[in-house]
Number of protein chains: 2
Amino acid sequence: MNKLLVNQAFEFLSQYGNEKGHSEDTMMNRQLTVKEEIESTGTYIHTFDEISYGAKLAWRNSTKCIGRLFWETLDVFDARDVESKEEVAQHIHHHIQHATNEGKIRSTITIFPPLKFNEQQKVQIWSHQLIRYAGYLEESGEILGDPASLELTKVAQKLGWQGDRTPYDFLPVIYQWNEGPPSIIPILKEEVLEIKIDHPINKNWGPLNLKWYAVPIIADRVLEIGGLRYPAPFNGWYMETEIAARNFVDSYRYNRLRDVAKQLELDTSSTTTFWRDRALVELQHAVYASFKQAGVQIVDHYTAAQQFQTFREKEDKLQREVKGDWTWLVPPVSPSLTPIFHQGIVNEELSPNFIKQKRPLL
Amino acid sequence: MNKLLVNQAFEFLSQYGNEKGHSEDTMMNRQLTVKEEIESTGTYIHTFDEISYGAKLAWRNSTKCIGRLFWETLDVFDARDVESKEEVAQHIHHHIQHATNEGKIRSTITIFPPLKFNEQQKVQIWSHQLIRYAGYLEESGEILGDPASLELTKVAQKLGWQGDRTPYDFLPVIYQWNEGPPSIIPILKEEVLEIKIDHPINKNWGPLNLKWYAVPIIADRVLEIGGLRYPAPFNGWYMETEIAARNFVDSYRYNRLRDVAKQLELDTSSTTTFWRDRALVELQHAVYASFKQAGVQIVDHYTAAQQFQTFREKEDKLQREVKGDWTWLVPPVSPSLTPIFHQGIVNEELSPNFIKQKRPLL
Ligand code: HEM
Ligand code: HEM
């Protein structure tokens, strides 16, 4: 019998039972059932309430996430019973639609069948996010689109997908069914909410051609609960820096800071005009205001940091020490203006959690 | 015999000999002499060249320092022979004068007698920096000056010092001589170079009454070389964020961000006008430009990060892995615009180094 699995299951079940206020009897009974189940089948099956609460705990335990104040408000969809590729595609489309909700974004997770010891893995997702722009290496050596997607774009092309060769083509979702060759799920323009980025004061950003999608749905992690590992795409809403300081600005991403500075007519002749920092701030404002203008949920980094403080205080009161990865929690814009910058935090991974699953190479 | 000290001495002496290209013979002889010296006296005495190179190595090893490209250009003053409090004061004033150099700041260190086992410590410096503004708790509960100096200001007052009660009074240097009661060395207006902060474009910052001193001379560390620990104030020049993002802005320091925003007539009615980030950037520009305008050396965070990259590349070529503390090395303004943000770095303390010495309470 898999003792490790039993231990992990017991640990989760007692945390679950305690936080839900179940009686000792209920907890013990459930543990006994699970133990017998593992003894006879090698694994066990979570109740819906268990995976649902487990997913929320995984969010609460995500050391890199500044958005955890809202950990209890996660919409959980159970896709453990998928029997075909069509059903996988349905769940993916459903997730996008439910989460997007015309801009009133809902934190959502869709849970696929767990990886099982000695059994084929039903669903393995390769895509980093369900919605993601493709990236192409041009013959000139330049990159069109999102450089972060070069590898997966090639995979999609090998699988017969063809993009429109714009900077913002939707990559199909790439996944494996029953450990077979990878398949794709095309993402349709109609199902994705996108936001054109304009500046609220310095208008006329049209020529910059900046836009982004509304919902970041991370897909290449597995959700670990009580020793079981589920492929499980999840999303919250964006913090503005993710788009405006990283996706548009990192030199290995869209790398558009200088273009923005030119649009703002900043003096880019020397570093010490501080044009980079100024352009960066304007870009934050532009992304934030454009989302708001379009009625799409987004949070600014300062407010997110305040919310994170509230989360810490709430957890402290419940005598649960919040763990965190300082290097991820401090925002990449004006970090020292947030309290997170000035506080220590223990970087420790608890279970349940979201962990990386290695993607097999094609 | 103190075996640990012998080991530490040998380790330093072989690093020193190797990097200086000394012959095996020279190195072995020196090690032998030092061993005999430790056997008979319990300690040993560094040559001037040894402490001089050791101090440079300590800088090179400072994991939190972004300015290490220049580690070889450190002016070293030997104050190991101080015999009186007057001589200590002379060295302190000399350090300030030499380092300041009318704004063409020289990286400088002044090395006082080492702490010796079973002997009285000749000089123990309590001041955090040689030049530092006092901080007073007013009856109203407000703080005048630098809140970081509250404790040392009280100590200075107990010792008979009286400030002018401006936001920028120079604290005297506080130190102990021969482990006796603390003494003070008054810092004179005439010996300190200060820079009035104005904005290069948005003029008329006079009412903000912002100024800062030219040279940060850290004084409460000890320089550890080959097992010996020297009180040793050291300085480089400022990176603009230290003043403009931390000293003026941290809520537990001068806390002036909102005042700056008002001076800039930013809309502070809501967080999501991004007034904090805008004011922060303008403050960087103002501090940087004011120093430059006054002919005082300063570096902006972007250039400093580039210099740090050059340092890493140089060290890599010499097969010396640069250690670093990511959380200190990334600047507090637009960190993700610097390469440091995107790279891993091993956080490990090597010797020689600067280490904290606990200050005794009064
Ligand atoms: C509700 C709004 C949310 C906000 C504003 C938010 C914010 C963030 C931010 C800013 C990051 C850092 C991203 C980066 O720098 O690449 C992050 C990471 C993360 N968040 Fe959240 N989050 C939210 C919801 C969620 C939800 C619903 C989950 C899971 C159920 C979650 C789990 C995570 C995880 C696992 C990471 C680390 C991702 C990685 O390792 O790449 N977050 N979050
Ligand atoms: C030459 C120009 C220099 C620049 C621009 C520079 C820059 C910096 C900066 C920005 C920090 C972080 C300070 C903070 O956030 O509080 C720092 C820390 C540090 N630097 Fe440098 N530095 C310079 C010279 C030196 C020199 C000459 C030494 C020693 C010989 C040195 C040793 C250190 C040490 C030990 C720390 C950590 C201080 C602490 O723990 O509080 N630096 N430096």
# chains A, B, ... in the order shown; residues from 1 in each chain; ligands from 1

call {"tool": "interface_residues", "arguments": {"of": "chain A", "to": "chain B", "cutoff": "9 Å", "atoms": "only C-alpha atoms", "output": "PyMOL selection string"}}
result
chain A and resi 245-246+249-251+271-274+276-278+280-282+284-285+288-289+299-300+302-303+326-327+331-337+341

call {"tool": "residues_near_ligand", "arguments": {"ligand": "ligand 1", "cutoff": "7 Å", "atoms": "only C-alpha atoms and all ligand atoms", "output": "list in words"}}
result
Ala55, Lys56, Ala58, Trp59, Ser62, Lys64, Cys65, Ile66, Gly67, Arg68, Phe70, Trp71, Leu74, Ser107, Thr108, Ile109, Phe234, Asn235, Gly236, Trp237, Tyr238, Met239, Glu242, Val299, Ala304, Trp328, Leu329 and Phe354 of chain A

call {"tool": "closest_residue", "arguments": {"among": "B:Gln319, B:Asn101, B:Thr73, B:Ser127", "to": "ligand 2", "atoms": "only C-alpha atoms and all ligand atoms"}}
result
B:Thr73

call {"tool": "closest_residue", "arguments": {"among": "B:Gly54, B:Gly42, B:Gly180, B:Pro172", "to": "ligand 2", "atoms": "only C-alpha atoms and all ligand atoms"}}
result
B:Gly54

call {"tool": "select_by_dssp", "arguments": {"residues": "segment 55-92 of chain A", "states": "alpha helix (DSSP H)", "output": "ChimeraX atom specification"}}
result
/A:55-60,85-92

call {"tool": "atom_distance", "arguments": {"atom1": "atom CA of Ser269 of chain A", "atom2": "atom CA of Leu266 of chain B"}}
result
26.0 Å

call {"tool": "closest_residue", "arguments": {"among": "B:Tyr175, B:Ala214, B:Asn29, B:Thr63", "to": "Val346 of chain B", "atoms": "only C-alpha atoms"}}
result
B:Thr63

call {"tool": "select_by_dssp", "arguments": {"residues": "segment 104-345 of chain B", "states": "strand (DSSP E)", "output": "ChimeraX atom specification"}}
result
/B:108-111,123-125,135-137,143-145,173-177,182-185,194-196,211-213,217-218,221-225,228-231,234-235,238-239,298-299

call {"tool": "atom_distance", "arguments": {"atom1": "atom CA of Leu283 of chain B", "atom2": "atom CA of Arg253 of chain B"}}
result
15.1 Å

call {"tool": "closest_residue", "arguments": {"among": "B:Leu4, B:Ile185, B:Ile111, B:Leu208", "to": "ligand 2", "atoms": "only C-alpha atoms and all ligand atoms"}}
result
B:Ile111

call {"tool": "atom_distance", "arguments": {"atom1": "atom CA of Lys323 of chain A", "atom2": "atom CA of Leu350 of chain A"}}
result
8.3 Å

call {"tool": "residues_around", "arguments": {"residues": "Leu144 of chain A", "least_positions_apart": "6", "cutoff": "7 Å", "atoms": "only C-alpha atoms", "output": "PyMOL selection string"}}
result
chain A and resi 135-138+167

call {"tool": "write_last_selection", "arguments": {"atoms": "N, CA, C and O atoms", "output": "mmCIF file, in the first residue's frame"}}
result
data_model
loop_
_atom_site.group_PDB
_atom_site.id
_atom_site.type_symbol
_atom_site.label_atom_id
_atom_site.label_comp_id
_atom_site.auth_asym_id
_atom_site.auth_seq_id
_atom_site.Cartn_x
_atom_site.Cartn_y
_atom_site.Cartn_z
ATOM 1 N N GLY A 135 3.897 33.588 -31.027
ATOM 2 C CA GLY A 135 5.134 34.303 -31.338
ATOM 3 C C GLY A 135 5.858 33.622 -32.489
ATOM 4 O O GLY A 135 5.982 32.395 -32.498
ATOM 5 N N TYR A 136 6.283 34.419 -33.467
ATOM 6 C CA TYR A 136 6.926 33.858 -34.660
ATOM 7 C C TYR A 136 8.319 34.435 -34.837
ATOM 8 O O TYR A 136 8.501 35.653 -34.730
ATOM 9 N N LEU A 137 9.261 33.592 -35.120
ATOM 10 C CA LEU A 137 10.594 34.061 -35.485
ATOM 11 C C LEU A 137 10.597 34.349 -36.980
ATOM 12 O O LEU A 137 10.419 33.441 -37.805
ATOM 13 N N GLU A 138 10.772 35.622 -37.334
ATOM 14 C CA GLU A 138 10.747 36.007 -38.746
ATOM 15 C C GLU A 138 12.092 35.683 -39.393
ATOM 16 O O GLU A 138 13.096 35.501 -38.704
ATOM 17 N N PRO A 167 0.627 40.522 -34.430
ATOM 18 C CA PRO A 167 1.311 40.424 -33.127
ATOM 19 C C PRO A 167 0.416 39.804 -32.054
ATOM 20 O O PRO A 167 0.880 39.524 -30.962
#

call {"tool": "closest_residue", "arguments": {"among": "B:Val76, B:Ile195, B:Leu5, B:Ile143", "to": "ligand 2", "atoms": "only C-alpha atoms and all ligand atoms"}}
result
B:Val76

call {"tool": "residues_around", "arguments": {"residues": "Thr26 of chain B", "least_positions_apart": "5", "cutoff": "12 Å", "atoms": "only C-alpha atoms", "output": "ChimeraX atom specification"}}
result
/B:13-14,16-18,20-21,31-33

call {"tool": "residues_around", "arguments": {"residues": "Gly227 of chain A", "least_positions_apart": "5", "cutoff": "12 Å", "atoms": "only C-alpha atoms", "output": "ChimeraX atom specification"}}
result
/A:2-13,38,42-46,51,54,114-117,222,351-353,355

call {"tool": "write_last_selection", "arguments": {"atoms": "N, CA and C atoms", "output": "PDB file, in the first residue's frame"}}
result
ATOM      1  N   ASN A   2       0.367   2.295  -0.643  1.00  0.00           N
ATOM      2  CA  ASN A   2       1.090   3.553  -0.742  1.00  0.00           C
ATOM      3  C   ASN A   2       0.932   4.369   0.553  1.00  0.00           C
ATOM      4  N   LYS A   3       1.915   4.172   1.444  1.00  0.00           N
ATOM      5  CA  LYS A   3       1.841   4.827   2.752  1.00  0.00           C
ATOM      6  C   LYS A   3       1.920   6.338   2.647  1.00  0.00           C
ATOM      7  N   LEU A   4       2.792   6.807   1.733  1.00  0.00           N
ATOM      8  CA  LEU A   4       2.950   8.242   1.558  1.00  0.00           C
ATOM      9  C   LEU A   4       1.609   8.865   1.193  1.00  0.00           C
ATOM     10  N   LEU A   5       0.915   8.212   0.250  1.00  0.00           N
ATOM     11  CA  LEU A   5      -0.388   8.738  -0.188  1.00  0.00           C
ATOM     12  C   LEU A   5      -1.377   8.770   0.974  1.00  0.00           C
ATOM     13  N   VAL A   6      -1.377   7.706   1.767  1.00  0.00           N
ATOM     14  CA  VAL A   6      -2.279   7.685   2.923  1.00  0.00           C
ATOM     15  C   VAL A   6      -1.974   8.856   3.853  1.00  0.00           C
ATOM     16  N   ASN A   7      -0.678   9.064   4.117  1.00  0.00           N
ATOM     17  CA  ASN A   7      -0.299  10.172   4.996  1.00  0.00           C
ATOM     18  C   ASN A   7      -0.748  11.518   4.441  1.00  0.00           C
ATOM     19  N   GLN A   8      -0.503  11.711   3.143  1.00  0.00           N
ATOM     20  CA  GLN A   8      -0.879  12.984   2.532  1.00  0.00           C
ATOM     21  C   GLN A   8      -2.390  13.177   2.557  1.00  0.00           C
ATOM     22  N   ALA A   9      -3.096  12.078   2.283  1.00  0.00           N
ATOM     23  CA  ALA A   9      -4.561  12.128   2.300  1.00  0.00           C
ATOM     24  C   ALA A   9      -5.050  12.492   3.702  1.00  0.00           C
ATOM     25  N   PHE A  10      -4.505  11.818   4.710  1.00  0.00           N
ATOM     26  CA  PHE A  10      -4.921  12.079   6.092  1.00  0.00           C
ATOM     27  C   PHE A  10      -4.660  13.529   6.484  1.00  0.00           C
ATOM     28  N   GLU A  11      -3.497  14.012   6.090  1.00  0.00           N
ATOM     29  CA  GLU A  11      -3.145  15.384   6.452  1.00  0.00           C
ATOM     30  C   GLU A  11      -4.139  16.369   5.856  1.00  0.00           C
ATOM     31  N   PHE A  12      -4.444  16.159   4.578  1.00  0.00           N
ATOM     32  CA  PHE A  12      -5.418  17.050   3.955  1.00  0.00           C
ATOM     33  C   PHE A  12      -6.782  16.913   4.608  1.00  0.00           C
ATOM     34  N   LEU A  13      -7.200  15.661   4.819  1.00  0.00           N
ATOM     35  CA  LEU A  13      -8.552  15.446   5.338  1.00  0.00           C
ATOM     36  C   LEU A  13      -8.722  16.020   6.739  1.00  0.00           C
ATOM     37  N   ILE A  38      -7.616   3.406  -0.679  1.00  0.00           N
ATOM     38  CA  ILE A  38      -6.234   3.360  -1.177  1.00  0.00           C
ATOM     39  C   ILE A  38      -5.702   1.939  -1.118  1.00  0.00           C
ATOM     40  N   GLY A  42      -5.390   1.605  -4.742  1.00  0.00           N
ATOM     41  CA  GLY A  42      -4.124   2.293  -4.973  1.00  0.00           C
ATOM     42  C   GLY A  42      -4.264   3.807  -4.959  1.00  0.00           C
ATOM     43  N   THR A  43      -5.521   4.278  -4.977  1.00  0.00           N
ATOM     44  CA  THR A  43      -5.722   5.724  -4.936  1.00  0.00           C
ATOM     45  C   THR A  43      -7.053   6.017  -4.255  1.00  0.00           C
ATOM     46  N   TYR A  44      -7.490   7.265  -4.284  1.00  0.00           N
ATOM     47  CA  TYR A  44      -8.795   7.565  -3.700  1.00  0.00           C
ATOM     48  C   TYR A  44      -9.441   8.707  -4.448  1.00  0.00           C
ATOM     49  N   ILE A  45     -10.726   8.881  -4.202  1.00  0.00           N
ATOM     50  CA  ILE A  45     -11.469   9.890  -4.934  1.00  0.00           C
ATOM     51  C   ILE A  45     -11.981  10.953  -3.972  1.00  0.00           C
ATOM     52  N   HIS A  46     -11.623  12.227  -4.274  1.00  0.00           N
ATOM     53  CA  HIS A  46     -12.101  13.321  -3.432  1.00  0.00           C
ATOM     54  C   HIS A  46     -13.589  13.562  -3.671  1.00  0.00           C
ATOM     55  N   ILE A  51     -12.364  18.602  -3.214  1.00  0.00           N
ATOM     56  CA  ILE A  51     -11.520  19.274  -4.232  1.00  0.00           C
ATOM     57  C   ILE A  51     -11.818  20.761  -4.264  1.00  0.00           C
ATOM     58  N   GLY A  54     -10.106  22.165  -1.323  1.00  0.00           N
ATOM     59  CA  GLY A  54      -8.667  21.961  -1.558  1.00  0.00           C
ATOM     60  C   GLY A  54      -8.103  22.965  -2.549  1.00  0.00           C
ATOM     61  N   PRO A 114      -7.152  13.344 -12.118  1.00  0.00           N
ATOM     62  CA  PRO A 114      -5.812  13.350 -11.513  1.00  0.00           C
ATOM     63  C   PRO A 114      -4.862  12.408 -12.246  1.00  0.00           C
ATOM     64  N   LEU A 115      -3.572  12.705 -12.119  1.00  0.00           N
ATOM     65  CA  LEU A 115      -2.565  11.758 -12.617  1.00  0.00           C
ATOM     66  C   LEU A 115      -2.609  10.561 -11.691  1.00  0.00           C
ATOM     67  N   LYS A 116      -2.680   9.386 -12.259  1.00  0.00           N
ATOM     68  CA  LYS A 116      -2.776   8.213 -11.393  1.00  0.00           C
ATOM     69  C   LYS A 116      -1.585   7.321 -11.566  1.00  0.00           C
ATOM     70  N   PHE A 117      -1.142   6.801 -10.446  1.00  0.00           N
ATOM     71  CA  PHE A 117      -0.042   5.858 -10.451  1.00  0.00           C
ATOM     72  C   PHE A 117      -0.398   4.678 -11.353  1.00  0.00           C
ATOM     73  N   VAL A 222      -0.095  21.773 -11.869  1.00  0.00           N
ATOM     74  CA  VAL A 222      -1.048  20.808 -11.364  1.00  0.00           C
ATOM     75  C   VAL A 222      -1.425  21.201  -9.942  1.00  0.00           C
ATOM     76  N   SER A 351       0.899  22.362   1.523  1.00  0.00           N
ATOM     77  CA  SER A 351      -0.029  21.591   0.700  1.00  0.00           C
ATOM     78  C   SER A 351      -1.423  21.855   1.238  1.00  0.00           C
ATOM     79  N   PRO A 352      -2.450  21.917   0.390  1.00  0.00           N
ATOM     80  CA  PRO A 352      -2.493  21.876  -1.077  1.00  0.00           C
ATOM     81  C   PRO A 352      -1.764  23.052  -1.725  1.00  0.00           C
ATOM     82  N   ASN A 353      -1.410  22.868  -2.991  1.00  0.00           N
ATOM     83  CA  ASN A 353      -0.700  23.922  -3.694  1.00  0.00           C
ATOM     84  C   ASN A 353      -0.754  23.672  -5.204  1.00  0.00           C
ATOM     85  N   ILE A 355       1.656  23.122  -8.346  1.00  0.00           N
ATOM     86  CA  ILE A 355       3.052  22.833  -8.608  1.00  0.00           C
ATOM     87  C   ILE A 355       3.288  22.639 -10.096  1.00  0.00           C
TER      88      ILE A 355
END
